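Reproduced below: entry-v3.csv, with CSV, C-alpha atoms.
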chain,number,residue,atom,x,y,z
A,1,MET,CA,14.9,-16.0,-6.3
A,2,GLU,CA,14.1,-12.9,-4.2
A,3,PRO,CA,10.7,-11.3,-4.9
A,4,THR,CA,11.0,-8.0,-6.7
A,5,PHE,CA,8.7,-6.2,-4.3
A,6,LYS,CA,8.7,-6.8,-0.6
A,7,ILE,CA,7.0,-5.4,2.5
A,8,ALA,CA,9.5,-5.4,5.3
A,9,ASP,CA,9.1,-5.0,9.0
A,10,SER,CA,12.8,-4.4,9.7
A,11,PRO,CA,15.1,-1.6,8.5
A,12,ILE,CA,15.9,-1.3,4.8
A,13,GLU,CA,19.6,-1.9,3.9
A,14,PRO,CA,20.2,-0.4,0.5
A,15,ASP,CA,23.8,-1.7,0.3
A,16,THR,CA,22.6,-5.3,0.6
A,17,LEU,CA,19.7,-4.7,-1.9
A,18,ARG,CA,21.7,-3.0,-4.6
A,19,LYS,CA,24.2,-5.9,-4.9
A,20,ARG,CA,21.3,-8.2,-6.0
A,21,LEU,CA,20.8,-5.9,-9.1
A,22,ALA,CA,24.3,-6.1,-10.4
A,23,SER,CA,25.1,-7.7,-13.7
A,24,ASP,CA,28.0,-7.6,-16.2
A,25,ALA,CA,25.7,-6.1,-18.8
A,26,SER,CA,24.6,-3.2,-16.6
A,27,GLY,CA,26.5,0.1,-16.9
A,28,ALA,CA,24.0,2.0,-14.8
A,29,TYR,CA,22.3,1.8,-11.4
A,30,ALA,CA,19.7,4.3,-10.2
A,31,SER,CA,17.9,4.2,-6.8
A,32,PHE,CA,15.3,6.1,-4.9
A,33,GLU,CA,15.0,6.3,-1.1
A,34,GLY,CA,11.9,7.8,0.5
A,35,TRP,CA,12.8,9.1,4.0
A,36,VAL,CA,10.6,10.0,6.9
A,37,ARG,CA,10.5,13.8,7.2
A,38,ASN,CA,9.7,15.9,10.2
A,39,HIS,CA,6.8,17.8,8.6
A,40,ASN,CA,3.8,17.3,6.4
A,41,ASP,CA,1.2,19.9,5.2
A,42,GLY,CA,2.9,22.5,7.5
A,43,LYS,CA,2.5,20.3,10.6
A,44,PRO,CA,5.4,19.1,12.6
A,45,VAL,CA,5.6,15.2,12.5
A,46,SER,CA,7.0,13.5,15.5
A,47,ALA,CA,6.7,9.9,14.4
A,48,LEU,CA,4.8,7.7,12.1
A,49,GLU,CA,3.8,4.2,11.3
A,50,TYR,CA,3.1,2.3,8.0
A,51,SER,CA,0.8,-0.6,7.6
A,52,ALA,CA,0.0,-2.7,4.6
A,53,TYR,CA,-2.4,-5.3,3.3
A,54,GLN,CA,0.7,-7.5,2.7
A,55,PRO,CA,-0.5,-10.2,0.2
A,56,LEU,CA,-2.0,-7.7,-2.2
A,57,ALA,CA,0.7,-5.0,-1.7
A,58,GLU,CA,3.4,-7.5,-2.7
A,59,LYS,CA,1.3,-8.8,-5.6
A,60,GLU,CA,0.5,-5.3,-6.9
A,61,GLY,CA,4.1,-4.2,-6.3
A,62,ALA,CA,5.4,-7.1,-8.3
A,63,ARG,CA,3.1,-6.1,-11.2
A,64,ILE,CA,4.5,-2.6,-11.1
A,65,VAL,CA,8.1,-3.8,-11.3
A,66,GLN,CA,7.2,-6.1,-14.1
A,67,GLU,CA,5.5,-3.2,-16.0
A,68,ALA,CA,8.8,-1.2,-15.6
A,69,LYS,CA,10.7,-4.1,-17.1
A,70,ASP,CA,8.3,-4.2,-20.0
A,71,ARG,CA,8.3,-0.5,-20.6
A,72,PHE,CA,12.0,0.3,-20.2
A,73,PRO,CA,15.2,-1.5,-21.4
A,74,ILE,CA,16.5,-2.4,-17.9
A,75,LYS,CA,18.2,-5.5,-16.5
A,76,ALA,CA,16.8,-5.7,-13.0
A,77,ALA,CA,14.6,-3.8,-10.6
A,78,ALA,CA,13.3,-4.2,-7.0
A,79,CYS,CA,11.4,-2.3,-4.4
A,80,VAL,CA,11.0,-2.6,-0.6
A,81,HIS,CA,8.5,-0.8,1.5
A,82,ARG,CA,8.7,-0.6,5.3
A,83,ILE,CA,5.8,-1.2,7.7
A,84,GLY,CA,5.8,-0.6,11.4
A,85,ALA,CA,6.9,2.3,13.5
A,86,LEU,CA,9.4,4.6,11.9
A,87,GLU,CA,11.4,7.6,13.1
A,88,ILE,CA,12.5,10.8,11.4
A,89,GLY,CA,15.2,10.0,8.8
A,90,ASP,CA,14.4,6.3,8.5
A,91,ILE,CA,14.0,4.8,5.0
A,92,ALA,CA,10.4,4.2,4.3
A,93,VAL,CA,10.8,2.9,0.7
A,94,TRP,CA,13.7,1.9,-1.5
A,95,VAL,CA,13.7,1.4,-5.3
A,96,GLY,CA,16.7,0.2,-7.3
A,97,VAL,CA,17.1,-0.4,-11.0
A,98,SER,CA,20.1,-1.6,-13.1
A,99,SER,CA,20.3,-1.2,-16.9
A,100,PRO,CA,22.8,-1.0,-19.7
A,101,HIS,CA,22.4,2.8,-19.9
A,102,ARG,CA,21.4,5.5,-17.4
A,103,SER,CA,18.3,6.9,-19.0
A,104,ALA,CA,16.2,3.7,-18.7
A,105,ALA,CA,17.4,3.3,-15.1
A,106,PHE,CA,16.2,6.8,-14.1
A,107,ASP,CA,12.9,6.4,-16.0
A,108,ALA,CA,12.1,2.9,-14.5
A,109,CYS,CA,13.0,4.1,-11.0
A,110,ARG,CA,10.6,7.0,-11.3
A,111,TYR,CA,7.9,4.8,-12.8
A,112,ILE,CA,8.1,2.3,-9.9
A,113,ILE,CA,8.0,4.9,-7.1
A,114,ASP,CA,5.2,6.9,-8.7
A,115,GLN,CA,3.0,3.8,-9.3
A,116,THR,CA,3.8,2.4,-5.9
A,117,LYS,CA,2.5,5.5,-4.2
A,118,ILE,CA,-0.7,5.4,-6.2
A,119,ARG,CA,-1.5,1.7,-6.3
A,120,VAL,CA,0.0,-0.3,-3.5
A,121,PRO,CA,-2.2,-0.8,-0.4
A,122,VAL,CA,0.1,0.8,2.2
A,123,TRP,CA,-1.1,3.3,4.8
A,124,LYS,CA,0.6,6.0,6.8
A,125,ARG,CA,-0.5,7.2,10.2
A,126,GLU,CA,1.3,10.3,11.3
A,127,HIS,CA,1.7,11.5,14.8
A,128,TYR,CA,2.0,15.3,15.2
A,129,ALA,CA,3.8,17.3,17.8
A,130,ASP,CA,0.7,19.6,18.2
A,131,GLY,CA,-2.4,17.5,17.5
A,132,PRO,CA,-4.1,14.1,17.2
A,133,ALA,CA,-2.6,11.4,14.9
A,134,GLU,CA,-4.1,11.1,11.4
A,135,TRP,CA,-4.3,8.5,8.6
A,136,VAL,CA,-2.7,10.4,5.7
A,137,ASN,CA,-5.0,10.9,2.7
A,138,CYS,CA,-8.0,9.6,4.6
A,139,SER,CA,-9.2,12.7,6.5
A,140,GLN,CA,-9.6,14.6,3.3
A,141,ALA,CA,-11.3,11.7,1.6
A,142,ASN,CA,-15.0,11.7,0.7
A,143,THR,CA,-16.9,11.1,3.9
A,144,SER,CA,-20.3,12.2,2.8
M,1,MET,CA,-23.3,-17.3,3.2
M,2,LYS,CA,-20.2,-16.7,5.4
M,3,ILE,CA,-17.9,-13.9,4.4
M,4,ARG,CA,-14.6,-13.0,6.1
M,5,ILE,CA,-13.7,-9.3,6.3
M,6,GLU,CA,-10.2,-8.0,7.0
M,7,TYR,CA,-9.9,-4.4,8.1
M,8,PHE,CA,-6.9,-2.1,7.6
M,9,ALA,CA,-5.8,1.4,8.6
M,10,MET,CA,-8.7,3.8,9.3
M,11,LEU,CA,-11.4,1.1,8.9
M,12,ARG,CA,-9.6,-1.2,11.4
M,13,GLU,CA,-9.5,1.7,13.9
M,14,GLN,CA,-13.2,2.5,13.4
M,15,ARG,CA,-14.3,-1.2,13.5
M,16,GLY,CA,-12.1,-1.9,16.5
M,17,CYS,CA,-10.8,-5.3,15.2
M,18,SER,CA,-8.7,-6.6,12.4
M,19,ASN,CA,-11.1,-9.2,11.0
M,20,GLU,CA,-14.4,-10.9,11.4
M,21,THR,CA,-16.5,-13.6,9.8
M,22,LEU,CA,-20.1,-12.7,9.1
M,23,GLU,CA,-23.2,-14.5,8.0
M,24,THR,CA,-24.6,-12.1,5.3
M,25,SER,CA,-27.0,-12.1,2.4
M,26,ALA,CA,-25.3,-9.2,0.8
M,27,PRO,CA,-24.8,-10.2,-2.9
M,28,THR,CA,-21.9,-7.8,-3.7
M,29,PRO,CA,-19.0,-6.0,-1.9
M,30,ARG,CA,-21.0,-2.8,-2.5
M,31,ALA,CA,-24.1,-4.1,-0.6
M,32,LEU,CA,-21.8,-5.6,2.1
M,33,TYR,CA,-20.1,-2.2,2.7
M,34,ASP,CA,-23.5,-0.5,3.0
M,35,GLU,CA,-24.5,-3.0,5.6
M,36,LEU,CA,-21.2,-2.7,7.5
M,37,ARG,CA,-21.2,1.1,7.3
M,38,ASP,CA,-24.7,1.3,8.7
M,39,ARG,CA,-23.7,-0.9,11.6
M,40,HIS,CA,-20.4,0.6,12.4
M,41,ASN,CA,-20.7,4.2,11.3
M,42,PHE,CA,-17.6,4.1,9.0
M,43,SER,CA,-16.7,7.6,7.9
M,44,LEU,CA,-15.3,6.7,4.5
M,45,ASP,CA,-17.6,6.9,1.5
M,46,PRO,CA,-17.3,3.9,-0.9
M,47,ALA,CA,-16.3,6.3,-3.6
M,48,SER,CA,-13.0,6.8,-1.7
M,49,LEU,CA,-12.3,3.1,-1.3
M,50,GLN,CA,-11.2,0.2,-3.5
M,51,VAL,CA,-12.2,-3.4,-2.8
M,52,ALA,CA,-10.3,-6.6,-2.9
M,53,VAL,CA,-11.8,-10.2,-2.9
M,54,ASN,CA,-9.6,-13.1,-2.1
M,55,GLU,CA,-6.4,-11.1,-2.3
M,56,ASP,CA,-6.9,-9.3,-5.5
M,57,PHE,CA,-8.6,-6.1,-6.6
M,58,SER,CA,-12.3,-6.6,-7.5
M,59,GLU,CA,-15.3,-4.8,-8.9
M,60,TRP,CA,-17.8,-3.4,-6.5
M,61,ASP,CA,-20.6,-5.4,-8.2
M,62,HIS,CA,-18.7,-8.7,-8.2
M,63,ALA,CA,-20.9,-11.6,-7.0
M,64,LEU,CA,-19.7,-12.8,-3.6
M,65,ALA,CA,-19.5,-16.5,-2.8
M,66,ASN,CA,-19.5,-18.4,0.4
M,67,GLY,CA,-16.1,-18.4,2.0
M,68,ASP,CA,-14.8,-15.2,0.2
M,69,THR,CA,-12.5,-12.8,2.0
M,70,VAL,CA,-13.3,-9.2,1.4
M,71,VAL,CA,-11.0,-6.2,2.1
M,72,TYR,CA,-12.0,-2.5,1.7
M,73,ILE,CA,-9.0,-0.4,0.9
M,74,PRO,CA,-8.9,3.1,2.2
M,75,PRO,CA,-7.0,5.8,0.3
M,76,VAL,CA,-3.4,4.6,0.1
M,77,ALA,CA,-0.4,6.6,1.3
M,78,GLY,CA,2.8,4.7,0.6
M,79,GLY,CA,6.2,6.1,-0.3

Output the structure of this file as structure tokens.
Amino acid sequence: MEPTFKIADSPIEPDTLRKRLASDASGAYASFEGWVRNHNDGKPVSALEYSAYQPLAEKEGARIVQEAKDRFPIKAAACVHRIGALEIGDIAVWVGVSSPHRSAAFDACRYIIDQTKIRVPVWKREHYADGPAEWVNCSQANTS
Amino acid sequence: MKIRIEYFAMLREQRGCSNETLETSAPTPRALYDELRDRHNFSLDPASLQVAVNEDFSEWDHALANGDTVVYIPPVAGG
């Protein structure tokens, strides 16, 4: 069986991933794609790279997907997060959920992406058109 | 005891390597981070980090054992 949460170093292909969630009992499918955008905090972003502590990222991510299955009446769910160098417009993260009815699919999809952003050990280094590269969320962190 | 440390993101950059194995008497991840921070001038305060021991999240005052692998986790930024 495919793991429910994967760190991937090659492009995410939603069409392939969504097929794995299909079931005869599912009347709904909701997905979320996070895309690389060309600006952050008012600064123009030219490129970025993601890195992860892969064993723990996949372990914690699988826990998040399991929590979504426990909380919401869904049939299947999965999440894939990219690492490596990405360009503007690339898919950084994909979440897919199938369920008998739409409400649970939306709710579970939202839960998985929100928790992933908070809990999974993945880091983003942004390169700016007009300044030095930065680790997002680290430069503002407590550095006393 | 021997402890392996793996570095990621900003800490990897500041340490200049991805992992090292050290002989240390630090009894906890907290004490070990203090030791490493003094040596390498890490900018991140422990209050902004999480810690993992042997591939799962851990408490800062967990008792380290010979052969453990420790990872300090800078603020995450996935999604």

Problem set entry | Counting all atoms listed in the file, chain A residues within 12 Å of chain M, as a PyMOL selection string | chain A and resi 7+32-37+49-61+63+79-83+91-95+110+112-126+133-144

For this session: Identify which of the residues A:Ala85, A:Ala30, A:Val45, A:Ile12 lies closest to Asp107 in chain A, counting only C-alpha atoms when measuring atom-to-atom distances.
Result: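 Of A:Ala85, A:Ala30, A:Val45, A:Ile12, the one nearest Asp107 in chain A, counting only C-alpha atoms, is A:Ala30.
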
For this session: Find the distance between CA of Arg15 in chain M and CA of Val70 in chain M and write it in Å to one decimal.
Result: 14.5 Å

Exercise. Which residue gives the smallest distance to Ser99 in chain A among A:Asn38, A:Ser26, A:Thr4, A:Ser46, with only C-alpha atoms counted?
Worked result: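 The answer is A:Ser26, which sits nearest to Ser99 in chain A.
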
Problem set entry | Between CA of Pro11 in chain A and CA of Ala28 in chain A - distance in Å to one decimal | 25.2 Å

For this session: Show which residues sit within 10 Å of Leu64 in chain M, as a ChimeraX atom specification. Count all atoms listed in the file, and ignore same-chain residues fewer than 6 positions away.
Result: /M:1-3,25-29,32,53,70

For this session: May I ask for the distance between CA of Asp24 in chain A and CA of Val97 in chain A, given in Å to one decimal place?
Result: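 So the answer is 14.1 Å.
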
For this session: Compile the contact shell of Arg30 in chain M as a list in words: residues with an atom at most 9 Å away, counting only C-alpha atoms, same-chain residues fewer than 3 positions apart removed.
Result: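 Counting only C-alpha atoms, the residues come to Ala26, Pro27, Tyr33, Asp34, Glu35, Pro46, Val51, Glu59, Trp60, Asp61 and His62 of chain M.
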
Print the selection's residues with C-alpha atoms to a file, as a short mmCIF file (atom, residue, chain, number, x, y, z; two decimals), keeping the file's coordinate frame.
data_model
loop_
_atom_site.label_atom_id
_atom_site.label_comp_id
_atom_site.auth_asym_id
_atom_site.auth_seq_id
_atom_site.Cartn_x
_atom_site.Cartn_y
_atom_site.Cartn_z
CA ALA M 26 -25.30 -9.20 0.80
CA PRO M 27 -24.80 -10.20 -2.90
CA TYR M 33 -20.10 -2.20 2.70
CA ASP M 34 -23.50 -0.50 3.00
CA GLU M 35 -24.50 -3.00 5.60
CA PRO M 46 -17.30 3.90 -0.90
CA VAL M 51 -12.20 -3.40 -2.80
CA GLU M 59 -15.30 -4.80 -8.90
CA TRP M 60 -17.80 -3.40 -6.50
CA ASP M 61 -20.60 -5.40 -8.20
CA HIS M 62 -18.70 -8.70 -8.20
#

Exercise. What lies within 9 Å of Arg4 in chain M using only C-alpha atoms, ignoring chain neighbours under 3 positions off, as a VMD selection string?
Worked result: chain M and resid 19 to 23 67 to 71

For this session: Counting only C-alpha atoms, figure out which residue out of A:Gly84, A:Gly89, A:Pro100, A:Gly42 gets nearest to Asp130 in chain A.
Result: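 Of A:Gly84, A:Gly89, A:Pro100, A:Gly42, the one nearest Asp130 in chain A, counting only C-alpha atoms, is A:Gly42.
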
Generate the missing atoms of range 105-119 of chain A up to N, CA, C and O atoms and report them as a tab-separated table (two decimals), keeping the file's coordinate frame.
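Done, and the output landed in part11.tsv:
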chain	number	residue	atom	x	y	z
A	105	ALA	N	17.36	3.50	-16.50
A	105	ALA	CA	17.40	3.30	-15.10
A	105	ALA	C	16.66	4.40	-14.32
A	105	ALA	O	15.85	4.14	-13.42
A	106	PHE	N	16.91	5.65	-14.72
A	106	PHE	CA	16.20	6.80	-14.10
A	106	PHE	C	14.69	6.66	-14.36
A	106	PHE	O	13.87	6.82	-13.44
A	107	ASP	N	14.32	6.40	-15.62
A	107	ASP	CA	12.90	6.40	-16.00
A	107	ASP	C	12.16	5.25	-15.23
A	107	ASP	O	11.05	5.45	-14.74
A	108	ALA	N	12.77	4.08	-15.18
A	108	ALA	CA	12.10	2.90	-14.50
A	108	ALA	C	12.00	3.18	-13.02
A	108	ALA	O	10.99	2.84	-12.39
A	109	CYS	N	13.01	3.78	-12.44
A	109	CYS	CA	13.00	4.10	-11.00
A	109	CYS	C	11.85	5.02	-10.68
A	109	CYS	O	11.07	4.80	-9.76
A	110	ARG	N	11.72	6.04	-11.50
A	110	ARG	CA	10.60	7.00	-11.30
A	110	ARG	C	9.26	6.34	-11.49
A	110	ARG	O	8.33	6.60	-10.73
A	111	TYR	N	9.15	5.49	-12.50
A	111	TYR	CA	7.90	4.80	-12.80
A	111	TYR	C	7.50	3.95	-11.54
A	111	TYR	O	6.35	3.98	-11.08
A	112	ILE	N	8.45	3.22	-11.01
A	112	ILE	CA	8.10	2.30	-9.90
A	112	ILE	C	7.71	3.08	-8.65
A	112	ILE	O	6.71	2.72	-8.01
A	113	ILE	N	8.39	4.14	-8.30
A	113	ILE	CA	8.00	4.90	-7.10
A	113	ILE	C	6.66	5.58	-7.29
A	113	ILE	O	5.81	5.58	-6.40
A	114	ASP	N	6.46	6.16	-8.47
A	114	ASP	CA	5.20	6.90	-8.70
A	114	ASP	C	4.01	5.92	-8.66
A	114	ASP	O	2.98	6.23	-8.04
A	115	GLN	N	4.12	4.77	-9.30
A	115	GLN	CA	3.00	3.80	-9.30
A	115	GLN	C	2.81	3.19	-7.93
A	115	GLN	O	1.68	2.92	-7.52
A	116	THR	N	3.91	2.96	-7.22
A	116	THR	CA	3.80	2.40	-5.90
A	116	THR	C	2.97	3.31	-4.97
A	116	THR	O	2.10	2.86	-4.23
A	117	LYS	N	3.23	4.60	-5.06
A	117	LYS	CA	2.50	5.50	-4.20
A	117	LYS	C	1.01	5.57	-4.52
A	117	LYS	O	0.19	5.80	-3.64
A	118	ILE	N	0.67	5.34	-5.77
A	118	ILE	CA	-0.70	5.40	-6.20
A	118	ILE	C	-1.48	4.11	-5.96
A	118	ILE	O	-2.66	4.11	-5.61
A	119	ARG	N	-0.79	2.98	-6.15
A	119	ARG	CA	-1.50	1.70	-6.30
A	119	ARG	C	-1.34	0.69	-5.18
A	119	ARG	O	-2.18	-0.21	-5.02
